[in-house]
Amino acid sequence: MRLSLKSCSLALLMCAAGALQAAPQHAVTLYDEAPKYPADFTHFDYVNPDAPKGGTLRLSGFGGFDSLNPYISRGTSAEQLGLIYDTLTFHSLDEPFTEYGLVAESIEKAEDGSWVRFKLRPEARFHDGAAITADDVVFTFNTLIEQGAPFYRAYYGDVDRVVADDPHSVTFHFKHSGNRELPLVLGQLPVLPKHYWEGRDFSKGSLEAPLGSGPYQIGQVRPGRSVSFERVKDYWAKDLPVQRGFYNFDRIVVDYYRDGNVTLEAFKAGQFDFNQEMAAKNWATGYSSPALSAGRIIKEEIPNNNTQGMQGFVFNMRKPYFADARVRQAIALLFDFEWSNAKLFHGAYTRTTSYFDNSELAAQGEPDADELALLEPLRDQLPASVFGPVWTPPKTDGSGTIRDQRREAYALLQEAGWQIVDDQLVNADGEPLQFEFLLVQAEFERVLLPFKRNLASLGINMELRRVDVSQYINRLRSRDFDMVVTSFGQSNSPGNEQREYWHSSSADNPGSRNLMGLKDPAIDTLVEGLIQADSRDSLVTYTHALDRALRSLHLVVPNWYTKVYRAAYWNKFGHPEQPPKYDLGLYTWWVDPAKDERLRSEQEQVVEPQASAADTAGDAAPEAE
């Protein structure tokens with residue numbers, strides 16, 4: 001058979017298009033390796049697919065809230081709002097970075113990484129019965145970019161446009177090819193209902209319960225005090241493999257507390273059911289009670305295999321006294337972790353040394369040949385220490401005497417032009433080195449007071465300033481602080497979020513995670529290289545190089561981490577024997593009817609001290625310490 005020139009041209013075009021398009025997949029992975037679960041899987045290994053539905057899970061919340069919109073910068077949104085929204089894909093909790101279709105039935109990627117297409121499930125529905133369509137996805141993306149928190153403009157910055165191909169197909173076109181992570185990042189996009197938000201102002205916080213599509217919908221709302229979530233009995237996705245065994249509670253209630261001590265007492269009094277403990281002191285001694293002794297309260301340590309990232313006291317380098325890395329390093333030397341761990345934390349913690357701790361991503365020793373290949377072109381822009389052994393915080397003997405660290409710190413300060421005059425550290429203009437540590441939780445003061453004394457021994461004055469949650473958030477957004485404590489969480493496959501943490505483009509972006517105001521061309525180069533890495537080996541090498549560079553800049557006073565989740569709960573739950581590798585997996589738990597009935601019977605026979613959630617609502621649990 002002889003083809004016409006037109007037919008041949010069409011055939012060539014179709015072949016060319018096919019060469020740039022991968023076949024639709026039920027799951028996507030970062031480097032196109034095979035996912036753990038095949039297309040015909042029925043449920044994840046870490047769930048009980050036959051878990052009973054029913055009962056109530058009562059949780060504690062942090063501080064308070066004045067909004068039910070978690071996607072904007074205005075106001076303080078309630079916790080757990082992700083329960084009411086479905087995303088295009090579902091992140092597997094036992095793989096480093098694999099996304100399986102949820103709202104999306106299948107995912108296609110261009111071979112050159114220039115676009116990704118999501119084919120939506122025809123059965124996907126919002127809670128009012130309306131179908132989830134490609135127009136809703138387009139609306140969501142554009143709304144988050146135009147009216148959402150500044151984070152989204154950076155996070156989705158490489159998306160050129162999003163197009164609804166038909167009612168059940170949507171394609172994201174990228175500005176550049178080769179971004180392996182972006183298709184997975186876009187898979188995590190929540191889908192908002194266009195028909196609900198038309199006529200409403202998305203940019204303003206509201207306490208009107210929004211329309212969602214997820215396993216729960218909002219029930220009762222007591223502004224700033226509590227919010228409840230009711231399980232959607234006819235949830236459209238309840239039988240999908242990615243949802244089987246999840247979301248077993250009929251009702252989830254979040255009561256808010258402002259004081260960590262009150263929160264713990266409320267838990268022991270039975271005011272809520274589950275507490276993930278962050279404070280080592282509380283874990284060691286705070287749960288002692290008749291309920292614990294009798295087995296009505298369970299304390300369980302569950303392995304945490306995640307990359308731990310960095311928690312630390314963050315310097316705001318926009319302040320002139322923190323602009324010099326020698327000053328920052330000197331201040332960091334005066335934090336005595338070993339004493340704090342022994343005297344305050346019951347030896348429960350490991351010192352954080354890396355921005356990617358507890359993983360293969362943390363830099364070790366001196367840079368190898370592959371790392372040097374990335375770092376050498378940047379030698380003139382990086383501290384010389386990057387090319388030697390990676391920086392780690394010094395260790396003390398835990399006695400509380402830190403003479404060596406004090407001498408080293410003062411030498412650095414003198415190099416930077418500071419000296420002690422009349423018991424004050426002053427610069428050449430006679431200005432004292434004094435700054436404010438902004439806090440939202442009283443529990444952290446016991447950690448900071450010894451640090452404050454060590455600083456005072458070199459004439460540095462650190463004032464502790466505790467504010468309420470809303471003021472704290474506003475001051476962070478406006479960068480109106482000197483030093484705060486925060487965490488830079490990391491996944492096992494770091495990517496686009498690194499721009500939000502360290503890139504110059506995020507330094508002046510209100511609401512970004514670049515709290516320190518870092519603007520460094522060498523760091524920018526390493527971040528972009530990491531995002532564009534084309535293999536796991538390349539990603540690890542770039543991450544090592546980035547870790548070395550960040551550690552050399554002394555951006556934070558490194559804190560600590562623990563390799564377990566500390567879970568305390570009233571003995572009414574069941575959970576799978578095999579927890580997910582990279583998550584606590586709370587929403588794979590369920591209320592065990594027999595345990596629940598026994599617990600109720602025992603509580604009726606025992607009079608426990610009662611703390612009223614209504615009286616203490618708005619109080620919060622402490623951060624890790």
# chains A, B, ... in the order shown; residues from 1 in each chain; ligands from 1

call {"tool": "select_by_dssp", "arguments": {"residues": "stretch 21-175 of chain A", "states": "helix (DSSP H, G or I)", "output": "list in words"}}
result
Leu81, Gly82, Leu83, Ile84, Ala134, Asp135, Asp136, Val137, Val138, Phe139, Thr140, Phe141, Asn142, Thr143, Leu144, Ile145, Glu146, Gln147, Pro150, Phe151, Tyr152, Arg153, Ala154 and Tyr155 of chain A

call {"tool": "write_last_selection", "arguments": {"atoms": "C-alpha atoms", "output": "CSV table (one decimal), in the first residue's frame"}}
result
chain,number,residue,atom,x,y,z
A,81,LEU,CA,-8.3,20.8,57.3
A,82,GLY,CA,-6.6,18.5,54.8
A,83,LEU,CA,-9.2,15.9,55.9
A,84,ILE,CA,-11.9,17.6,53.8
A,134,ALA,CA,-10.6,19.4,34.9
A,135,ASP,CA,-12.1,22.9,35.2
A,136,ASP,CA,-11.9,22.6,39.0
A,137,VAL,CA,-8.3,21.6,38.8
A,138,VAL,CA,-7.5,24.6,36.6
A,139,PHE,CA,-9.5,26.9,38.9
A,140,THR,CA,-7.6,25.5,42.0
A,141,PHE,CA,-4.2,26.0,40.5
A,142,ASN,CA,-4.8,29.5,39.2
A,143,THR,CA,-6.5,30.6,42.5
A,144,LEU,CA,-3.6,29.4,44.6
A,145,ILE,CA,-1.2,31.2,42.4
A,146,GLU,CA,-3.1,34.4,42.3
A,147,GLN,CA,-4.7,34.6,45.8
A,150,PRO,CA,3.1,33.3,48.6
A,151,PHE,CA,4.4,29.8,49.0
A,152,TYR,CA,2.4,28.5,46.1
A,153,ARG,CA,3.9,31.0,43.6
A,154,ALA,CA,7.4,29.7,44.4
A,155,TYR,CA,6.4,26.0,44.8

call {"tool": "select_by_dssp", "arguments": {"residues": "stretch 561-591 of chain A", "states": "strand (DSSP E)", "output": "number ranges by chain"}}
result
A: 561, 564-570, 573-574, 590-591

call {"tool": "write_last_selection", "arguments": {"atoms": "N, CA and C atoms", "output": "PDB file, in the first residue's frame"}}
result
ATOM      1  N   TYR A 561      17.005  15.961  67.681  1.00  0.00           N
ATOM      2  CA  TYR A 561      15.916  15.167  67.128  1.00  0.00           C
ATOM      3  C   TYR A 561      15.867  13.819  67.834  1.00  0.00           C
ATOM      4  N   VAL A 564      12.201   8.302  67.093  1.00  0.00           N
ATOM      5  CA  VAL A 564      10.926   7.626  67.320  1.00  0.00           C
ATOM      6  C   VAL A 564       9.811   8.652  67.406  1.00  0.00           C
ATOM      7  N   TYR A 565       8.602   8.220  67.059  1.00  0.00           N
ATOM      8  CA  TYR A 565       7.401   8.973  67.394  1.00  0.00           C
ATOM      9  C   TYR A 565       7.005   8.560  68.804  1.00  0.00           C
ATOM     10  N   ARG A 566       6.761   9.534  69.672  1.00  0.00           N
ATOM     11  CA  ARG A 566       6.313   9.217  71.035  1.00  0.00           C
ATOM     12  C   ARG A 566       4.802   9.427  71.099  1.00  0.00           C
ATOM     13  N   ALA A 567       4.080   8.327  71.120  1.00  0.00           N
ATOM     14  CA  ALA A 567       2.623   8.375  71.072  1.00  0.00           C
ATOM     15  C   ALA A 567       2.034   7.911  72.400  1.00  0.00           C
ATOM     16  N   ALA A 568       1.227   8.768  72.996  1.00  0.00           N
ATOM     17  CA  ALA A 568       0.468   8.402  74.197  1.00  0.00           C
ATOM     18  C   ALA A 568      -1.009   8.432  73.823  1.00  0.00           C
ATOM     19  N   TYR A 569      -1.743   7.399  74.232  1.00  0.00           N
ATOM     20  CA  TYR A 569      -3.153   7.360  73.848  1.00  0.00           C
ATOM     21  C   TYR A 569      -3.938   6.536  74.863  1.00  0.00           C
ATOM     22  N   TRP A 570      -5.211   6.888  74.956  1.00  0.00           N
ATOM     23  CA  TRP A 570      -6.106   6.102  75.788  1.00  0.00           C
ATOM     24  C   TRP A 570      -6.359   4.764  75.103  1.00  0.00           C
ATOM     25  N   PHE A 573      -7.860   2.056  71.092  1.00  0.00           N
ATOM     26  CA  PHE A 573      -7.545   1.989  69.674  1.00  0.00           C
ATOM     27  C   PHE A 573      -6.913   0.656  69.282  1.00  0.00           C
ATOM     28  N   GLY A 574      -7.067   0.342  68.023  1.00  0.00           N
ATOM     29  CA  GLY A 574      -6.258  -0.674  67.377  1.00  0.00           C
ATOM     30  C   GLY A 574      -5.470   0.003  66.280  1.00  0.00           C
ATOM     31  N   TRP A 590      -7.907   2.738  64.310  1.00  0.00           N
ATOM     32  CA  TRP A 590      -9.353   2.632  64.448  1.00  0.00           C
ATOM     33  C   TRP A 590      -9.719   2.489  65.916  1.00  0.00           C
ATOM     34  N   VAL A 591     -10.970   2.740  66.226  1.00  0.00           N
ATOM     35  CA  VAL A 591     -11.485   2.488  67.572  1.00  0.00           C
ATOM     36  C   VAL A 591     -11.869   1.018  67.665  1.00  0.00           C
TER      37      VAL A 591
END

call {"tool": "residues_around", "arguments": {"residues": "A:Arg231", "least_positions_apart": "6", "cutoff": "10 Å", "atoms": "only C-alpha atoms", "output": "ChimeraX atom specification"}}
result
/A:53-54,83-84,214-219,247-252

call {"tool": "write_last_selection", "arguments": {"atoms": "C-alpha atoms", "output": "tab-separated table (two decimals), in the first residue's frame"}}
result
chain	number	residue	atom	x	y	z
A	53	LYS	CA	-15.49	2.12	61.14
A	54	GLY	CA	-16.89	4.09	64.05
A	83	LEU	CA	-9.21	15.87	55.86
A	84	ILE	CA	-11.91	17.60	53.84
A	214	GLY	CA	-12.41	14.25	51.08
A	215	PRO	CA	-13.22	11.57	53.64
A	216	TYR	CA	-14.51	14.13	56.16
A	217	GLN	CA	-16.56	17.29	56.20
A	218	ILE	CA	-16.59	19.98	58.84
A	219	GLY	CA	-19.15	19.57	61.61
A	247	TYR	CA	-10.07	7.25	57.90
A	248	ASN	CA	-11.85	4.82	60.19
A	249	PHE	CA	-13.15	7.27	62.81
A	250	ASP	CA	-16.72	8.47	62.46
A	251	ARG	CA	-15.82	11.73	64.13
A	252	ILE	CA	-12.63	13.69	64.78

call {"tool": "atom_distance", "arguments": {"atom1": "atom CA of A:Thr352", "atom2": "atom CA of A:Pro558"}}
result
5.7 Å

call {"tool": "closest_atom_pairs", "arguments": {"of": "stretch 236-353 of chain A", "to": "stretch 429-443 of chain A", "cutoff": "10 Å", "atoms": "only C-alpha atoms", "output": "Markdown table"}}
result
| residue | atom | partner | partner_atom | distance |
| --- | --- | --- | --- | --- |
| A:Arg258 | CA | A:Gln441 | CA | 8.1 |
| A:Asp259 | CA | A:Gln441 | CA | 7.3 |
| A:Gly260 | CA | A:Glu443 | CA | 6.9 |
| A:Asn261 | CA | A:Glu443 | CA | 8.2 |
| A:Ala279 | CA | A:Glu443 | CA | 8.7 |
| A:Phe313 | CA | A:Phe437 | CA | 8.8 |
| A:Val314 | CA | A:Phe437 | CA | 9.5 |
| A:Phe315 | CA | A:Phe437 | CA | 9.6 |
| A:Lys319 | CA | A:Phe435 | CA | 9.5 |
| A:Tyr321 | CA | A:Leu433 | CA | 7.0 |
| A:Phe322 | CA | A:Leu433 | CA | 9.6 |
| A:Val327 | CA | A:Leu433 | CA | 9.8 |

call {"tool": "residues_around", "arguments": {"residues": "A:Phe246", "least_positions_apart": "2", "cutoff": "7 Å", "atoms": "only C-alpha atoms", "output": "PyMOL selection string"}}
result
chain A and resi 243-244+248+587-588

call {"tool": "write_last_selection", "arguments": {"atoms": "C-alpha atoms", "output": "short mmCIF file (atom, residue, chain, number, x, y, z; two decimals), in the first residue's frame"}}
result
data_model
loop_
_atom_site.label_atom_id
_atom_site.label_comp_id
_atom_site.auth_asym_id
_atom_site.auth_seq_id
_atom_site.Cartn_x
_atom_site.Cartn_y
_atom_site.Cartn_z
CA GLN A 243 -8.02 4.79 50.69
CA ARG A 244 -8.92 1.33 52.00
CA ASN A 248 -11.85 4.82 60.19
CA TYR A 587 -5.33 7.72 60.18
CA THR A 588 -4.76 4.01 59.68
#

call {"tool": "residues_around", "arguments": {"residues": "A:Thr562", "least_positions_apart": "3", "cutoff": "12 Å", "atoms": "only C-alpha atoms", "output": "number ranges by chain"}}
result
A: 277-280, 301-311, 341, 345, 347-352, 357-358, 559, 565-566, 624-625

call {"tool": "residues_around", "arguments": {"residues": "A:Asn316", "least_positions_apart": "2", "cutoff": "9 Å", "atoms": "only C-alpha atoms", "output": "ChimeraX atom specification"}}
result
/A:314,318-319,322-323,479-484,515-518,555
